[in-house]
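Here is the structure we will look at.
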Amino acid sequence: MQRDNDRMLLRVLTLALLCSAHPLAQSQALPPEVEAALSRAKVPRDAVSMLVMDAQSGVTRVSHRASSSMNPASVMKLVTTYAALDLLGPAYVWSTPVYLDGPVREGSLQGNLYIKGQGDPKLVLERLWLLLRRVQGLGIHHIAGDIVLDRSALDIPEVDPASFDGEPLRPYNAAPDALLINYKSVVMTFTPDRSAQVAQVQFDPPLFGVQMQATVPLTAGDCADYRGNLKADFSDARRIRFLGSYAASCGEKVWPVAYADPKSYGARTVQGLWLEMGGKLAGTVRYGQVPAALAGSKPAFELASAPLPEAIRDINKFSNNVMAQQLFLTLGRVMPAAAFADTSSTENPLASGSFNASRASVLRWWRERISADDAPVLDNGSGLSRQERITAQALGKLLQTAYKSPLMPELMSSLPITGVDGTLRRNKSAAVGSAHLKTGSLNNVVAVAGYVHTPSGKNQILVAMVNHANANAARPAIDALVEWTARTP
């Protein structure tokens, strides 16, 4: 009997020794200051998932419900952006080819001009101007045919911009597009002119066929709710007007809104800008595809985007949803669908440039490069979703893999710095400048994930996700976790 007891004791001691050698065994409960902040926020512990681990060794200091699947909101952009860096490479660029269907004679293109979108996430107004300027550099100032915009590179279903949260005019609800121009948004700049007692209104881009009110009455008083006081009317996509006034004390203000008719936005923008640049057009701007014979030839020129790390910086620093979706869809377009689907099928659900193809591409990459399990539940890759899910443990694996990768500098530098820039610029945490963290926020969801730098020069991986009706009130608890981690010896 004594011998059996000794064997049992030996087994227990051996198991304890093995467990103590495992990084997860060195974890501890939530720090007291985090517990206290959660109590004040009235957020139960089973609505929270938190993980703190050494980025190099994997030794875990905090692990609370780290294997629970949670909605990460925009923290999901970490999966999309690191997958893109790893699969496409840091030198990747998008190209937007331009084709001429006819000869150029005496400054006139005798045919159509085709612009083929291929998913560039940042074809903003300045770069569209550059593209059209290059067209003029070919000696073209008059187009006898049409300007045709080709959006066929991505297979995207039509989406109602109000479907997610009933806010169709919020720029973050803009839908992706193979030829995404200026995020489908109108930027209005209000500048007080005291001598004329009006605020001048500048609209960018100049939308063809849209009446835009050039001035707003100027009033005295405080600038509390300038947008509400303007009483903007966006109900008619062919006219933008203001029924209210603008307070002189506001100074200059910039207000971006998603255009009320996103389907016509690209055509209106290209035509409006072309005419503003002095170009002439006999036909119109319309949507269509580059003819097969023309697509097989060399384009007149191609406009190249900025390199991938610059796009990723915008995506992560400012949590740009539509850019993240453009990047996610690019993975489905660039990676061959044959790698993920039965090509003998007459109906391939993984059409190039579709969300299905992108999900398949990223999940295969995850299993090969990150983990054979713990795969995230993907939707559109941006976190602007109620379906996407991931565990803190899985995010920890992703961040540790990235940390040990040559791509680590590109990913880390794309993350907001606490109290310094991006979505953390206004963060009041005492850990100013000590962490690079991706943030996420939806109704009932608050999350952060990234790297915290300690005084000893080490880096800790931190993940925190809260899914609860009081999630927003739990921000101080997340700040407390960041501050506690930053004090790590």
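In the structure tokens, each chain is lettered A, B, ... as it comes, each chain's residues begin at 1, and ligands are numbered from 1 in order of appearance.
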_Test item: residues at most 7 Å from Leu331 of chain A, only C-alpha atoms, excluding those fewer than 5 positions along its chain, as a list in words_ =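 In the requested form, the answer reads Ala84, Ser358 and Ser361 of chain A.
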*Excluding Glu252 of chain A and residues on its chain fewer than 3 positions from it, collect all residues at most 12 Å away from it, counting only C-alpha atoms, and give them as a VMD selection string.*
chain A and resid 188 to 193 199 to 202 223 226 246 to 249 255
With a cut-off of 8 Å, could you pull out the residues of segment 227-266 of chain A touching segment 154-175 of chain A and give me the nearest pair of atoms for each, distance in Å to one decimal, using only C-alpha atoms, ordered by chain and ascending number, as a tab-separated table?
residue	atom	partner	partner_atom	distance
A:Pro256	CA	A:Pro171	CA	7.1
A:Val257	CA	A:Leu169	CA	5.5
A:Ala258	CA	A:Leu169	CA	4.5
A:Tyr259	CA	A:Leu169	CA	6.6
A:Ala260	CA	A:Leu169	CA	6.6
Please produce an output containing N, CA and C atoms for each residue in the selection, written as a short mmCIF file (atom, residue, chain, number, x, y, z; two decimals), in the first residue's frame.
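Result file is selection-v4.cif:
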data_model
loop_
_atom_site.label_atom_id
_atom_site.label_comp_id
_atom_site.auth_asym_id
_atom_site.auth_seq_id
_atom_site.Cartn_x
_atom_site.Cartn_y
_atom_site.Cartn_z
N PRO A 256 -16.00 64.69 -43.29
CA PRO A 256 -16.14 63.69 -44.35
C PRO A 256 -17.44 62.89 -44.18
N VAL A 257 -18.15 62.66 -45.27
CA VAL A 257 -19.35 61.83 -45.24
C VAL A 257 -19.30 60.86 -46.43
N ALA A 258 -19.90 59.69 -46.25
CA ALA A 258 -20.04 58.76 -47.37
C ALA A 258 -21.11 59.30 -48.32
N TYR A 259 -20.85 59.25 -49.62
CA TYR A 259 -21.80 59.79 -50.59
C TYR A 259 -23.09 58.98 -50.57
N ALA A 260 -24.21 59.68 -50.68
CA ALA A 260 -25.53 59.05 -50.53
C ALA A 260 -25.84 58.02 -51.61
#
Could you find all residues in segment 95-165 of chain A that DSSP calls alpha helix (DSSP H) from the backbone, and write them as a PDB file with N, CA and C atoms, in the first residue's frame?
ATOM      1  N   LEU A 125      -8.143  61.021 -53.883  1.00  0.00           N
ATOM      2  CA  LEU A 125      -8.356  62.064 -54.888  1.00  0.00           C
ATOM      3  C   LEU A 125      -7.055  62.536 -55.525  1.00  0.00           C
ATOM      4  N   GLU A 126      -6.009  62.706 -54.713  1.00  0.00           N
ATOM      5  CA  GLU A 126      -4.739  63.193 -55.251  1.00  0.00           C
ATOM      6  C   GLU A 126      -4.140  62.213 -56.268  1.00  0.00           C
ATOM      7  N   ARG A 127      -4.313  60.919 -55.988  1.00  0.00           N
ATOM      8  CA  ARG A 127      -3.745  59.926 -56.899  1.00  0.00           C
ATOM      9  C   ARG A 127      -4.614  59.745 -58.142  1.00  0.00           C
ATOM     10  N   LEU A 128      -5.920  59.951 -58.009  1.00  0.00           N
ATOM     11  CA  LEU A 128      -6.771  59.950 -59.200  1.00  0.00           C
ATOM     12  C   LEU A 128      -6.393  61.128 -60.090  1.00  0.00           C
ATOM     13  N   TRP A 129      -6.125  62.288 -59.488  1.00  0.00           N
ATOM     14  CA  TRP A 129      -5.683  63.456 -60.248  1.00  0.00           C
ATOM     15  C   TRP A 129      -4.401  63.117 -61.001  1.00  0.00           C
ATOM     16  N   LEU A 130      -3.469  62.420 -60.325  1.00  0.00           N
ATOM     17  CA  LEU A 130      -2.211  62.041 -60.969  1.00  0.00           C
ATOM     18  C   LEU A 130      -2.475  61.110 -62.143  1.00  0.00           C
ATOM     19  N   LEU A 131      -3.402  60.166 -61.976  1.00  0.00           N
ATOM     20  CA  LEU A 131      -3.723  59.241 -63.080  1.00  0.00           C
ATOM     21  C   LEU A 131      -4.260  60.019 -64.283  1.00  0.00           C
ATOM     22  N   LEU A 132      -5.195  60.923 -64.049  1.00  0.00           N
ATOM     23  CA  LEU A 132      -5.765  61.703 -65.163  1.00  0.00           C
ATOM     24  C   LEU A 132      -4.738  62.662 -65.748  1.00  0.00           C
ATOM     25  N   ARG A 133      -3.842  63.147 -64.910  1.00  0.00           N
ATOM     26  CA  ARG A 133      -2.771  64.019 -65.410  1.00  0.00           C
ATOM     27  C   ARG A 133      -1.848  63.236 -66.340  1.00  0.00           C
ATOM     28  N   ARG A 134      -1.623  61.980 -66.019  1.00  0.00           N
ATOM     29  CA  ARG A 134      -0.794  61.150 -66.906  1.00  0.00           C
ATOM     30  C   ARG A 134      -1.508  60.885 -68.227  1.00  0.00           C
ATOM     31  N   VAL A 135      -2.839  60.787 -68.178  1.00  0.00           N
ATOM     32  CA  VAL A 135      -3.598  60.667 -69.430  1.00  0.00           C
ATOM     33  C   VAL A 135      -3.348  61.904 -70.284  1.00  0.00           C
ATOM     34  N   GLN A 136      -3.401  63.081 -69.672  1.00  0.00           N
ATOM     35  CA  GLN A 136      -3.128  64.309 -70.414  1.00  0.00           C
ATOM     36  C   GLN A 136      -1.686  64.358 -70.887  1.00  0.00           C
ATOM     37  N   GLY A 137      -0.791  63.720 -70.129  1.00  0.00           N
ATOM     38  CA  GLY A 137       0.611  63.655 -70.544  1.00  0.00           C
ATOM     39  C   GLY A 137       0.823  62.846 -71.811  1.00  0.00           C
TER      40      GLY A 137
END
_So that I can check the surroundings of Gly58 of chain A, please list as a list in words every protein, DNA and RNA residue that reaches within 10 Å of it, counting only C-alpha atoms and ignoring chain neighbours fewer than 2 positions away._
His22, Pro23, Leu24, Val52, Met53, Asp54, Ala55, Gln56, Thr60, Arg61, Gly396, Lys397, Gln400, Gln460 and Ile461 of chain A
Take the residues that were just selected and, keeping N, CA and C atoms, output them as a compact mmCIF listing (two decimals), in the first residue's frame.
# COMPACT_ATOMS: atom_id res chain seq x y z
N HIS A 22 5.94 24.43 -18.38
CA HIS A 22 5.17 24.93 -19.51
C HIS A 22 4.85 26.41 -19.29
N PRO A 23 5.03 27.23 -20.33
CA PRO A 23 4.80 28.67 -20.17
C PRO A 23 3.46 29.02 -19.58
N LEU A 24 2.39 28.31 -19.99
CA LEU A 24 1.06 28.66 -19.52
C LEU A 24 0.92 28.45 -18.02
N VAL A 52 -1.39 38.00 -21.18
CA VAL A 52 -0.11 38.71 -21.21
C VAL A 52 0.98 37.65 -21.22
N MET A 53 1.87 37.72 -22.22
CA MET A 53 2.93 36.73 -22.33
C MET A 53 4.18 37.37 -22.94
N ASP A 54 5.33 36.82 -22.60
CA ASP A 54 6.59 37.31 -23.13
C ASP A 54 6.64 37.04 -24.63
N ALA A 55 6.96 38.06 -25.40
CA ALA A 55 6.94 37.91 -26.86
C ALA A 55 8.00 36.95 -27.37
N GLN A 56 9.13 36.85 -26.67
CA GLN A 56 10.21 35.99 -27.12
C GLN A 56 10.06 34.57 -26.60
N THR A 60 3.89 32.95 -19.90
CA THR A 60 2.63 33.65 -19.71
C THR A 60 2.51 34.18 -18.29
N ARG A 61 2.14 35.44 -18.18
CA ARG A 61 2.00 36.09 -16.88
C ARG A 61 0.54 36.22 -16.48
N GLY A 396 -2.41 35.67 -29.41
CA GLY A 396 -1.07 35.59 -28.84
C GLY A 396 -0.11 34.82 -29.74
N LYS A 397 -0.59 33.71 -30.32
CA LYS A 397 0.25 32.93 -31.24
C LYS A 397 0.61 33.75 -32.48
N GLN A 400 3.16 36.42 -31.50
CA GLN A 400 4.49 35.86 -31.22
C GLN A 400 5.16 35.42 -32.52
N GLN A 460 6.26 42.47 -24.12
CA GLN A 460 5.20 41.57 -23.71
C GLN A 460 4.05 41.64 -24.72
N ILE A 461 3.50 40.50 -25.05
CA ILE A 461 2.29 40.46 -25.88
C ILE A 461 1.10 40.64 -24.96
_When you count only C-alpha atoms, which of these residues is closest to Val48 of chain A: A:Arg65, A:Gln325, A:Glu35, A:Gly278?_
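Counting only C-alpha atoms, the residue closest to Val48 of chain A is A:Arg65.
Candidate residues A:Pro44, A:Gly266, A:Pro90, A:Gly383 were compared for distance to Leu442 of chain A, and the nearest is A:Gly383, using only C-alpha atoms.
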*May I have all residues of segment 101-265 of chain A that DSSP, computed from the backbone, assigns to strand (DSSP E), given as an MDAnalysis selection string?*
chainID A and resid 101 104:105 108:109 112:116 142:143 147:150 185:193 198:204 211:212 215:219 232:233 239:242 246:247 253:258
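Counting only C-alpha atoms and comparing A:Val43, A:Leu399, A:Pro32, A:Gln110, the residue that lies closest to Arg475 of chain A is A:Val43.
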_With only C-alpha atoms as the counted atoms, please give the residues lying no more than 10 Å from Arg40 of chain A, apart from itself and same-chain residues fewer than 4 positions off, as a PyMOL selection string._
chain A and resi 34-36+473-474+476-477
*Fewer than 2 positions away in the same chain doesn't count, so skip those; otherwise give me all residues within 6 Å of segment 141-148 of chain A, counting only C-alpha atoms, as a PyMOL selection string.*
chain A and resi 107-114+136+279-288
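Look at segment 151-153 of chain A: the protein and nucleic acid residues within 7 Å of it, using only C-alpha atoms and passing over chain neighbours fewer than 5 places away, are Lys116, Gly117, Gln118, Asp177, Ala178, Leu179, Gln289 and Gly353 of chain A.
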Could those selected residues go to a file with N, CA and C atoms, as a compact mmCIF listing (two decimals), in the first residue's frame?
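Writing the result to again27.txt gives the following:
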# COMPACT_ATOMS: atom_id res chain seq x y z
N LYS A 116 -8.86 50.26 -65.31
CA LYS A 116 -9.18 48.96 -64.70
C LYS A 116 -8.73 48.92 -63.24
N GLY A 117 -9.69 48.87 -62.34
CA GLY A 117 -9.37 48.77 -60.92
C GLY A 117 -8.93 47.37 -60.56
N GLN A 118 -7.93 47.28 -59.69
CA GLN A 118 -7.45 45.97 -59.22
C GLN A 118 -7.31 45.93 -57.70
N ASP A 177 -14.44 47.89 -53.27
CA ASP A 177 -14.69 48.05 -54.71
C ASP A 177 -13.36 47.83 -55.42
N ALA A 178 -13.38 47.14 -56.56
CA ALA A 178 -12.14 46.95 -57.31
C ALA A 178 -11.53 48.29 -57.71
N LEU A 179 -12.39 49.28 -57.97
CA LEU A 179 -11.93 50.63 -58.27
C LEU A 179 -12.47 51.55 -57.18
N GLN A 289 -16.32 46.71 -68.86
CA GLN A 289 -15.10 45.91 -68.78
C GLN A 289 -14.20 46.20 -69.96
N GLY A 353 -11.08 36.96 -56.03
CA GLY A 353 -11.45 38.27 -55.55
C GLY A 353 -12.72 38.29 -54.73
